[in-house]
$ cat query.pdb   # PDB, C-alpha atoms, pLDDT in the B column
ATOM      1  CA  GLU V  16       0.814 -20.298  -1.200  1.00 84.00           C
ATOM      2  CA  LEU V  17      -1.068 -20.020   2.072  1.00 85.00           C
ATOM      3  CA  HIS V  18      -3.959 -22.423   2.417  1.00 78.00           C
ATOM      4  CA  GLN V  19      -5.462 -24.532   5.163  1.00 79.00           C
ATOM      5  CA  ALA V  20      -3.040 -27.440   4.668  1.00 80.00           C
ATOM      6  CA  SER V  21       0.096 -25.234   4.514  1.00 81.00           C
ATOM      7  CA  ALA V  22      -0.760 -22.628   7.166  1.00 82.00           C
ATOM      8  CA  ASP V  23       1.364 -24.135   9.943  1.00 80.00           C
ATOM      9  CA  ASP V  24       4.385 -24.640   7.693  1.00 84.00           C
ATOM     10  CA  VAL V  25       4.415 -21.299   5.908  1.00 83.00           C
ATOM     11  CA  CYS V  26       2.934 -18.967   8.521  1.00 83.00           C
ATOM     12  CA  TYR V  27       1.538 -20.009  11.894  1.00 82.00           C
ATOM     13  CA  LYS V  28       4.485 -21.961  13.274  1.00 84.00           C
ATOM     14  CA  THR V  29       7.364 -20.085  11.638  1.00 85.00           C
ATOM     15  CA  GLY V  30       7.811 -17.531  14.410  1.00 84.00           C
ATOM     16  CA  LYS V  31       7.786 -14.855  11.721  1.00 87.00           C
ATOM     17  CA  LEU V  32       5.480 -12.040  10.747  1.00 88.00           C
ATOM     18  CA  CYS V  33       3.392 -13.321   7.836  1.00 90.00           C
ATOM     19  CA  VAL V  34       3.219 -10.973   4.861  1.00 93.00           C
ATOM     20  CA  ILE V  35       0.239 -12.162   2.842  1.00 94.00           C
ATOM     21  CA  TYR V  36      -0.769 -11.023  -0.627  1.00 96.00           C
ATOM     22  CA  LEU V  37      -4.532 -11.534  -0.819  1.00 95.00           C
ATOM     23  CA  SER V  38      -5.968 -12.026  -4.273  1.00 95.00           C
ATOM     24  CA  LYS V  39      -8.862 -13.664  -6.083  1.00 94.00           C
ATOM     25  CA  THR V  40      -6.409 -15.350  -8.441  1.00 92.00           C
ATOM     26  CA  GLU V  41      -2.832 -16.562  -8.461  1.00 91.00           C
ATOM     27  CA  PRO V  42      -0.424 -13.594  -8.507  1.00 94.00           C
ATOM     28  CA  ASN V  43       1.011 -12.648 -11.878  1.00 94.00           C
ATOM     29  CA  ALA V  44       4.736 -12.866 -12.655  1.00 95.00           C
ATOM     30  CA  GLU V  45       5.315  -9.237 -11.631  1.00 95.00           C
ATOM     31  CA  VAL V  46       3.893  -9.794  -8.131  1.00 95.00           C
ATOM     32  CA  LYS V  47       5.770 -13.084  -7.760  1.00 94.00           C
ATOM     33  CA  ASN V  48       9.013 -11.307  -8.673  1.00 95.00           C
ATOM     34  CA  LEU V  49       8.221  -8.517  -6.216  1.00 95.00           C
ATOM     35  CA  PHE V  50       7.724 -11.021  -3.407  1.00 92.00           C
ATOM     36  CA  GLN V  51      10.896 -12.889  -4.330  1.00 94.00           C
ATOM     37  CA  ASN V  52      12.828  -9.598  -4.220  1.00 94.00           C
ATOM     38  CA  LEU V  53      11.337  -8.751  -0.824  1.00 93.00           C
ATOM     39  CA  LYS V  54      12.047 -12.241   0.464  1.00 91.00           C
ATOM     40  CA  ASN V  55      15.676 -11.944  -0.631  1.00 92.00           C
ATOM     41  CA  LYS V  56      16.015  -8.413   0.761  1.00 91.00           C
ATOM     42  CA  TYR V  57      14.711  -9.343   4.216  1.00 88.00           C
ATOM     43  CA  ALA V  58      16.131 -12.885   4.386  1.00 82.00           C
ATOM     44  CA  LYS V  59      18.882 -11.996   6.840  1.00 80.00           C
ATOM     45  CA  ASP V  60      16.363 -10.398   9.227  1.00 76.00           C
ATOM     46  CA  ALA V  61      14.482 -13.722   9.419  1.00 78.00           C
ATOM     47  CA  LYS V  62      11.443 -11.815  10.715  1.00 87.00           C
ATOM     48  CA  PHE V  63       9.143 -12.064   7.715  1.00 90.00           C
ATOM     49  CA  ALA V  64       7.520 -14.900   5.794  1.00 90.00           C
ATOM     50  CA  PHE V  65       6.143 -13.850   2.395  1.00 92.00           C
ATOM     51  CA  MET V  66       3.200 -15.683   0.833  1.00 92.00           C
ATOM     52  CA  TRP V  67      -0.010 -15.304  -1.114  1.00 93.00           C
ATOM     53  CA  MET V  68      -3.545 -16.562  -0.612  1.00 93.00           C
ATOM     54  CA  ASN V  69      -6.336 -17.170  -3.092  1.00 93.00           C
ATOM     55  CA  VAL V  70      -9.341 -15.763  -1.217  1.00 93.00           C
ATOM     56  CA  GLY V  71     -11.724 -17.491  -3.626  1.00 91.00           C
ATOM     57  CA  ILE V  72     -10.524 -20.834  -2.294  1.00 91.00           C
ATOM     58  CA  GLU V  73      -9.752 -19.850   1.310  1.00 89.00           C
ATOM     59  CA  LYS V  74     -13.043 -18.054   1.973  1.00 89.00           C
ATOM     60  CA  ALA V  75     -13.283 -18.963   5.668  1.00 86.00           C
ATOM     61  CA  PHE V  76      -9.814 -17.590   6.411  1.00 86.00           C
ATOM     62  CA  PHE V  77     -10.485 -14.447   4.378  1.00 89.00           C
ATOM     63  CA  ASN V  78     -13.759 -13.842   6.236  1.00 87.00           C
ATOM     64  CA  ILE V  79     -11.884 -13.885   9.566  1.00 86.00           C
ATOM     65  CA  LEU V  80      -9.790 -10.948   8.329  1.00 87.00           C
ATOM     66  CA  LYS V  81     -12.972  -8.877   7.851  1.00 89.00           C
ATOM     67  CA  LEU V  82     -11.751  -7.230   4.664  1.00 90.00           C
ATOM     68  CA  ASP V  83     -13.803  -6.259   1.652  1.00 91.00           C
ATOM     69  CA  ALA V  84     -13.209  -8.494  -1.370  1.00 89.00           C
ATOM     70  CA  SER V  85     -13.797  -5.518  -3.661  1.00 90.00           C
ATOM     71  CA  ASP V  86     -10.555  -3.974  -2.316  1.00 90.00           C
ATOM     72  CA  LEU V  87      -8.391  -6.849  -3.568  1.00 94.00           C
ATOM     73  CA  PRO V  88      -5.607  -7.382  -4.195  1.00 95.00           C
ATOM     74  CA  LYS V  89      -4.440  -6.374  -0.721  1.00 95.00           C
ATOM     75  CA  LEU V  90      -1.386  -6.954   1.418  1.00 95.00           C
ATOM     76  CA  VAL V  91      -1.673  -7.770   5.116  1.00 93.00           C
ATOM     77  CA  PHE V  92       0.885  -8.367   7.845  1.00 92.00           C
ATOM     78  CA  LEU V  93      -0.262 -11.032  10.276  1.00 88.00           C
ATOM     79  CA  ASN V  94       1.303 -11.652  13.683  1.00 86.00           C
ATOM     80  CA  VAL V  95       0.134 -15.035  14.941  1.00 81.00           C
ATOM     81  CA  GLY V  96       2.046 -14.939  18.240  1.00 75.00           C
ATOM     82  CA  ASN V  97       0.418 -14.703  21.663  1.00 74.00           C
ATOM     83  CA  MET V  98      -1.225 -11.412  20.765  1.00 74.00           C
ATOM     84  CA  LYS V  99      -2.741 -12.014  17.349  1.00 79.00           C
ATOM     85  CA  ARG V 100      -2.584  -8.792  15.343  1.00 84.00           C
ATOM     86  CA  MET V 101      -3.067  -7.738  11.763  1.00 87.00           C
ATOM     87  CA  LEU V 102      -1.905  -4.674   9.869  1.00 90.00           C
ATOM     88  CA  VAL V 103      -3.362  -3.847   6.470  1.00 92.00           C
ATOM     89  CA  HIS V 104      -0.867  -2.286   4.058  1.00 94.00           C
ATOM     90  CA  ASN V 105      -2.755   0.655   2.568  1.00 90.00           C
ATOM     91  CA  GLY V 106      -0.051   1.718   0.174  1.00 91.00           C
ATOM     92  CA  GLU V 107       0.680   0.678  -3.351  1.00 94.00           C
ATOM     93  CA  ILE V 108       1.699  -2.942  -3.982  1.00 94.00           C
ATOM     94  CA  ALA V 109       5.223  -1.844  -4.877  1.00 95.00           C
ATOM     95  CA  GLU V 110       8.590  -2.518  -3.291  1.00 95.00           C
ATOM     96  CA  SER V 111       9.204   1.036  -2.051  1.00 95.00           C
ATOM     97  CA  ALA V 112       5.752   1.304  -0.436  1.00 96.00           C
ATOM     98  CA  ILE V 113       6.027  -2.132   1.182  1.00 95.00           C
ATOM     99  CA  ASP V 114       9.520  -1.241   2.431  1.00 93.00           C
ATOM    100  CA  LYS V 115       8.027   1.766   4.236  1.00 93.00           C
ATOM    101  CA  THR V 116       5.443  -0.416   5.942  1.00 93.00           C
ATOM    102  CA  ILE V 117       8.096  -2.960   6.929  1.00 90.00           C
ATOM    103  CA  ASP V 118      10.313  -0.159   8.275  1.00 88.00           C
ATOM    104  CA  ALA V 119       7.415   1.167  10.356  1.00 86.00           C
ATOM    105  CA  ILE V 120       6.706  -2.299  11.730  1.00 83.00           C
ATOM    106  CA  SER V 121      10.382  -2.924  12.476  1.00 71.00           C
ATOM    107  CA  VAL V 122      10.661   0.330  14.401  1.00 58.00           C
ATOM    108  CA  SER V 123       7.549  -0.362  16.438  1.00 55.00           C
ATOM    109  CA  TYR V 124       8.797  -3.830  17.380  1.00 48.00           C
ATOM    110  CA  THR V 125      12.375  -2.871  18.261  1.00 43.00           C
ATOM    111  CA  HIS V 126      13.222  -4.222  21.701  1.00 47.00           C
ATOM    112  CA  LEU V 127      15.370  -2.050  23.918  1.00 44.00           C
ATOM    113  CA  THR V 128      17.397  -2.889  26.959  1.00 54.00           C
ATOM    114  CA  LEU V 129      16.959   0.126  29.149  1.00 51.00           C
ATOM    115  CA  PRO V 130      19.704   1.158  31.566  1.00 54.00           C
ATOM    116  CA  THR V 131      19.207   0.560  35.243  1.00 54.00           C
ATOM    117  CA  LYS V 132      18.859   3.480  37.626  1.00 48.00           C
ATOM    118  CA  ALA V 133      22.453   2.905  38.794  1.00 57.00           C
ATOM    119  CA  GLN V 134      23.773   3.084  35.233  1.00 52.00           C
ATOM    120  CA  VAL V 135      22.059   6.415  34.594  1.00 48.00           C
ATOM    121  CA  GLN V 136      23.518   8.131  37.684  1.00 48.00           C
TER     122      GLN V 136
END
$ encode --input "query.pdb" --output "structure tokens"
Amino acid sequence: ELHQASADDVCYKTGKLCVIYLSKTEPNAEVKNLFQNLKNKYAKDAKFAFMWMNVGIEKAFFNILKLDASDLPKLVFLNVGNMKRMLVHNGEIAESAIDKTIDAISVSYTHLTLPTKAQVQ
């Protein structure tokens, strides 16, 4: 669970992209299982940290995200590195839809080592 006291440990200082399920209540067993499956699936990548946040308790943090509480539950991807960025997952809260978002993020963040001019000639 992401809250003020755990933020550094579970998100901010992990060096990972935080995948946060935002809800007004604790996630049900189905959502918890979904997140466990995603966590297991992407464990070897070590790029993602999966968590949930009760927006009823963490109101100040939720307000920073500038999302509408009537749209909850919602999934957001939060990059807390030097350039703080957020991506809202607009798809269904289902493994296949979240996989597509993760694939799109992974492609956009792929680092390439480009050949030098001498290598191209």
$ resolve_selection --input "query.pdb" --expression "the PyMOL selection byres ((chain V and resi 72-79) around 10)" --output "list of chain:residue names"
V:Leu17, V:His18, V:Gln19, V:Leu37, V:Lys39, V:Thr40, V:Met68, V:Asn69, V:Val70, V:Gly71, V:Leu80, V:Lys81, V:Leu82, V:Asp83, V:Ala84
$ residues_around --input "query.pdb" --residues "Val91 in chain V" --least-positions-apart "3" --cutoff "10 Å" --atoms "only C-alpha atoms" --output "ChimeraX atom specification"
/V:33-37,67,80,94,101-105
$ atom_distance --input "query.pdb" --atom1 "CA of Leu90 in chain V" --atom2 "CA of Ser38 in chain V"
8.9 Å
$ closest_residue --input "query.pdb" --among "V:Lys99, V:Ser85, V:Asn43, V:Met66" --to "Ser21 in chain V" --atoms "all atoms listed in the file"
V:Met66
$ atom_distance --input "query.pdb" --atom1 "CA of Gly96 in chain V" --atom2 "CA of Gly30 in chain V"
7.4 Å
$ closest_residue --input "query.pdb" --among "V:Ala61, V:Leu87, V:Val46, V:Val95" --to "Asp23 in chain V" --atoms "only C-alpha atoms"
V:Val95
$ decode --input "query.pdb" --residues "range 66-98 of chain V" --atoms "N, CA, C and O atoms" --output "PDB file, in the first residue's frame"
ATOM      1  N   MET V  66       1.621  -1.194  -6.719  1.00  0.00           N
ATOM      2  CA  MET V  66       1.064  -0.838  -5.412  1.00  0.00           C
ATOM      3  C   MET V  66      -0.342  -0.281  -5.574  1.00  0.00           C
ATOM      4  O   MET V  66      -0.806  -0.072  -6.684  1.00  0.00           O
ATOM      5  N   TRP V  67      -0.989  -0.043  -4.442  1.00  0.00           N
ATOM      6  CA  TRP V  67      -2.301   0.587  -4.470  1.00  0.00           C
ATOM      7  C   TRP V  67      -2.321   1.712  -3.452  1.00  0.00           C
ATOM      8  O   TRP V  67      -1.494   1.766  -2.536  1.00  0.00           O
ATOM      9  N   MET V  68      -3.272   2.636  -3.653  1.00  0.00           N
ATOM     10  CA  MET V  68      -3.410   3.765  -2.738  1.00  0.00           C
ATOM     11  C   MET V  68      -4.880   4.037  -2.476  1.00  0.00           C
ATOM     12  O   MET V  68      -5.684   4.101  -3.405  1.00  0.00           O
ATOM     13  N   ASN V  69      -5.215   4.185  -1.214  1.00  0.00           N
ATOM     14  CA  ASN V  69      -6.559   4.564  -0.801  1.00  0.00           C
ATOM     15  C   ASN V  69      -6.635   6.088  -0.867  1.00  0.00           C
ATOM     16  O   ASN V  69      -6.062   6.783  -0.029  1.00  0.00           O
ATOM     17  N   VAL V  70      -7.325   6.611  -1.874  1.00  0.00           N
ATOM     18  CA  VAL V  70      -7.377   8.058  -2.082  1.00  0.00           C
ATOM     19  C   VAL V  70      -8.214   8.759  -1.022  1.00  0.00           C
ATOM     20  O   VAL V  70      -8.080   9.969  -0.839  1.00  0.00           O
ATOM     21  N   GLY V  71      -9.062   8.011  -0.317  1.00  0.00           N
ATOM     22  CA  GLY V  71      -9.820   8.598   0.783  1.00  0.00           C
ATOM     23  C   GLY V  71      -8.932   8.974   1.948  1.00  0.00           C
ATOM     24  O   GLY V  71      -9.187   9.942   2.664  1.00  0.00           O
ATOM     25  N   ILE V  72      -7.852   8.234   2.119  1.00  0.00           N
ATOM     26  CA  ILE V  72      -6.892   8.505   3.195  1.00  0.00           C
ATOM     27  C   ILE V  72      -5.797   9.451   2.710  1.00  0.00           C
ATOM     28  O   ILE V  72      -5.425  10.401   3.391  1.00  0.00           O
ATOM     29  N   GLU V  73      -5.285   9.199   1.514  1.00  0.00           N
ATOM     30  CA  GLU V  73      -4.176   9.989   0.964  1.00  0.00           C
ATOM     31  C   GLU V  73      -4.700  11.088   0.040  1.00  0.00           C
ATOM     32  O   GLU V  73      -4.338  11.175  -1.135  1.00  0.00           O
ATOM     33  N   LYS V  74      -5.546  11.944   0.578  1.00  0.00           N
ATOM     34  CA  LYS V  74      -6.197  12.987  -0.227  1.00  0.00           C
ATOM     35  C   LYS V  74      -5.212  13.986  -0.813  1.00  0.00           C
ATOM     36  O   LYS V  74      -5.353  14.396  -1.965  1.00  0.00           O
ATOM     37  N   ALA V  75      -4.220  14.392  -0.038  1.00  0.00           N
ATOM     38  CA  ALA V  75      -3.252  15.390  -0.527  1.00  0.00           C
ATOM     39  C   ALA V  75      -2.483  14.848  -1.728  1.00  0.00           C
ATOM     40  O   ALA V  75      -2.315  15.551  -2.730  1.00  0.00           O
ATOM     41  N   PHE V  76      -2.032  13.607  -1.642  1.00  0.00           N
ATOM     42  CA  PHE V  76      -1.303  12.998  -2.753  1.00  0.00           C
ATOM     43  C   PHE V  76      -2.218  12.874  -3.967  1.00  0.00           C
ATOM     44  O   PHE V  76      -1.826  13.200  -5.091  1.00  0.00           O
ATOM     45  N   PHE V  77      -3.433  12.415  -3.758  1.00  0.00           N
ATOM     46  CA  PHE V  77      -4.379  12.256  -4.863  1.00  0.00           C
ATOM     47  C   PHE V  77      -4.659  13.595  -5.539  1.00  0.00           C
ATOM     48  O   PHE V  77      -4.738  13.673  -6.767  1.00  0.00           O
ATOM     49  N   ASN V  78      -4.781  14.657  -4.770  1.00  0.00           N
ATOM     50  CA  ASN V  78      -5.052  15.978  -5.343  1.00  0.00           C
ATOM     51  C   ASN V  78      -3.915  16.449  -6.246  1.00  0.00           C
ATOM     52  O   ASN V  78      -4.146  17.135  -7.236  1.00  0.00           O
ATOM     53  N   ILE V  79      -2.681  16.071  -5.931  1.00  0.00           N
ATOM     54  CA  ILE V  79      -1.534  16.437  -6.763  1.00  0.00           C
ATOM     55  C   ILE V  79      -1.662  15.823  -8.157  1.00  0.00           C
ATOM     56  O   ILE V  79      -1.249  16.414  -9.150  1.00  0.00           O
ATOM     57  N   LEU V  80      -2.261  14.637  -8.229  1.00  0.00           N
ATOM     58  CA  LEU V  80      -2.409  13.943  -9.511  1.00  0.00           C
ATOM     59  C   LEU V  80      -3.444  14.593 -10.424  1.00  0.00           C
ATOM     60  O   LEU V  80      -3.485  14.320 -11.626  1.00  0.00           O
ATOM     61  N   LYS V  81      -4.301  15.435  -9.856  1.00  0.00           N
ATOM     62  CA  LYS V  81      -5.319  16.171 -10.612  1.00  0.00           C
ATOM     63  C   LYS V  81      -6.236  15.244 -11.410  1.00  0.00           C
ATOM     64  O   LYS V  81      -6.540  15.475 -12.579  1.00  0.00           O
ATOM     65  N   LEU V  82      -6.672  14.182 -10.756  1.00  0.00           N
ATOM     66  CA  LEU V  82      -7.626  13.260 -11.360  1.00  0.00           C
ATOM     67  C   LEU V  82      -8.976  13.441 -10.701  1.00  0.00           C
ATOM     68  O   LEU V  82      -9.076  13.940  -9.583  1.00  0.00           O
ATOM     69  N   ASP V  83     -10.007  13.005 -11.377  1.00  0.00           N
ATOM     70  CA  ASP V  83     -11.362  13.107 -10.862  1.00  0.00           C
ATOM     71  C   ASP V  83     -11.702  11.849 -10.065  1.00  0.00           C
ATOM     72  O   ASP V  83     -11.604  10.736 -10.583  1.00  0.00           O
ATOM     73  N   ALA V  84     -12.088  12.031  -8.822  1.00  0.00           N
ATOM     74  CA  ALA V  84     -12.412  10.899  -7.948  1.00  0.00           C
ATOM     75  C   ALA V  84     -13.590  10.082  -8.474  1.00  0.00           C
ATOM     76  O   ALA V  84     -13.709   8.895  -8.166  1.00  0.00           O
ATOM     77  N   SER V  85     -14.427  10.685  -9.294  1.00  0.00           N
ATOM     78  CA  SER V  85     -15.569   9.942  -9.837  1.00  0.00           C
ATOM     79  C   SER V  85     -15.130   8.911 -10.880  1.00  0.00           C
ATOM     80  O   SER V  85     -15.909   8.043 -11.257  1.00  0.00           O
ATOM     81  N   ASP V  86     -13.896   9.025 -11.372  1.00  0.00           N
ATOM     82  CA  ASP V  86     -13.366   8.084 -12.368  1.00  0.00           C
ATOM     83  C   ASP V  86     -12.668   6.880 -11.747  1.00  0.00           C
ATOM     84  O   ASP V  86     -12.083   6.074 -12.462  1.00  0.00           O
ATOM     85  N   LEU V  87     -12.699   6.769 -10.440  1.00  0.00           N
ATOM     86  CA  LEU V  87     -11.993   5.673  -9.756  1.00  0.00           C
ATOM     87  C   LEU V  87     -12.799   4.394  -9.815  1.00  0.00           C
ATOM     88  O   LEU V  87     -14.011   4.442  -9.897  1.00  0.00           O
ATOM     89  N   PRO V  88     -12.151   3.254  -9.773  1.00  0.00           N
ATOM     90  CA  PRO V  88     -10.708   3.073  -9.638  1.00  0.00           C
ATOM     91  C   PRO V  88      -9.977   3.397 -10.940  1.00  0.00           C
ATOM     92  O   PRO V  88     -10.545   3.322 -12.025  1.00  0.00           O
ATOM     93  N   LYS V  89      -8.708   3.754 -10.803  1.00  0.00           N
ATOM     94  CA  LYS V  89      -7.879   4.161 -11.930  1.00  0.00           C
ATOM     95  C   LYS V  89      -6.472   3.632 -11.703  1.00  0.00           C
ATOM     96  O   LYS V  89      -6.052   3.422 -10.581  1.00  0.00           O
ATOM     97  N   LEU V  90      -5.756   3.442 -12.782  1.00  0.00           N
ATOM     98  CA  LEU V  90      -4.382   2.980 -12.715  1.00  0.00           C
ATOM     99  C   LEU V  90      -3.494   4.061 -13.301  1.00  0.00           C
ATOM    100  O   LEU V  90      -3.777   4.577 -14.387  1.00  0.00           O
ATOM    101  N   VAL V  91      -2.435   4.429 -12.583  1.00  0.00           N
ATOM    102  CA  VAL V  91      -1.496   5.419 -13.092  1.00  0.00           C
ATOM    103  C   VAL V  91      -0.077   4.862 -13.012  1.00  0.00           C
ATOM    104  O   VAL V  91       0.231   4.042 -12.149  1.00  0.00           O
ATOM    105  N   PHE V  92       0.747   5.322 -13.926  1.00  0.00           N
ATOM    106  CA  PHE V  92       2.168   4.987 -13.950  1.00  0.00           C
ATOM    107  C   PHE V  92       2.896   6.276 -13.589  1.00  0.00           C
ATOM    108  O   PHE V  92       2.716   7.296 -14.253  1.00  0.00           O
ATOM    109  N   LEU V  93       3.690   6.227 -12.542  1.00  0.00           N
ATOM    110  CA  LEU V  93       4.347   7.418 -12.034  1.00  0.00           C
ATOM    111  C   LEU V  93       5.859   7.249 -12.096  1.00  0.00           C
ATOM    112  O   LEU V  93       6.412   6.306 -11.533  1.00  0.00           O
ATOM    113  N   ASN V  94       6.516   8.155 -12.808  1.00  0.00           N
ATOM    114  CA  ASN V  94       7.970   8.187 -12.881  1.00  0.00           C
ATOM    115  C   ASN V  94       8.420   9.301 -11.952  1.00  0.00           C
ATOM    116  O   ASN V  94       8.117  10.466 -12.189  1.00  0.00           O
ATOM    117  N   VAL V  95       9.134   8.957 -10.900  1.00  0.00           N
ATOM    118  CA  VAL V  95       9.544   9.961  -9.920  1.00  0.00           C
ATOM    119  C   VAL V  95      11.027  10.307 -10.045  1.00  0.00           C
ATOM    120  O   VAL V  95      11.631  10.811  -9.115  1.00  0.00           O
ATOM    121  N   GLY V  96      11.611  10.033 -11.212  1.00  0.00           N
ATOM    122  CA  GLY V  96      13.007  10.368 -11.467  1.00  0.00           C
ATOM    123  C   GLY V  96      13.188  11.873 -11.604  1.00  0.00           C
ATOM    124  O   GLY V  96      12.361  12.670 -11.135  1.00  0.00           O
ATOM    125  N   ASN V  97      14.258  12.274 -12.284  1.00  0.00           N
ATOM    126  CA  ASN V  97      14.544  13.699 -12.450  1.00  0.00           C
ATOM    127  C   ASN V  97      13.414  14.442 -13.149  1.00  0.00           C
ATOM    128  O   ASN V  97      13.089  15.563 -12.787  1.00  0.00           O
ATOM    129  N   MET V  98      12.846  13.811 -14.171  1.00  0.00           N
ATOM    130  CA  MET V  98      11.712  14.407 -14.861  1.00  0.00           C
ATOM    131  C   MET V  98      10.453  13.683 -14.398  1.00  0.00           C
ATOM    132  O   MET V  98      10.140  12.607 -14.873  1.00  0.00           O
TER     133      MET V  98
END
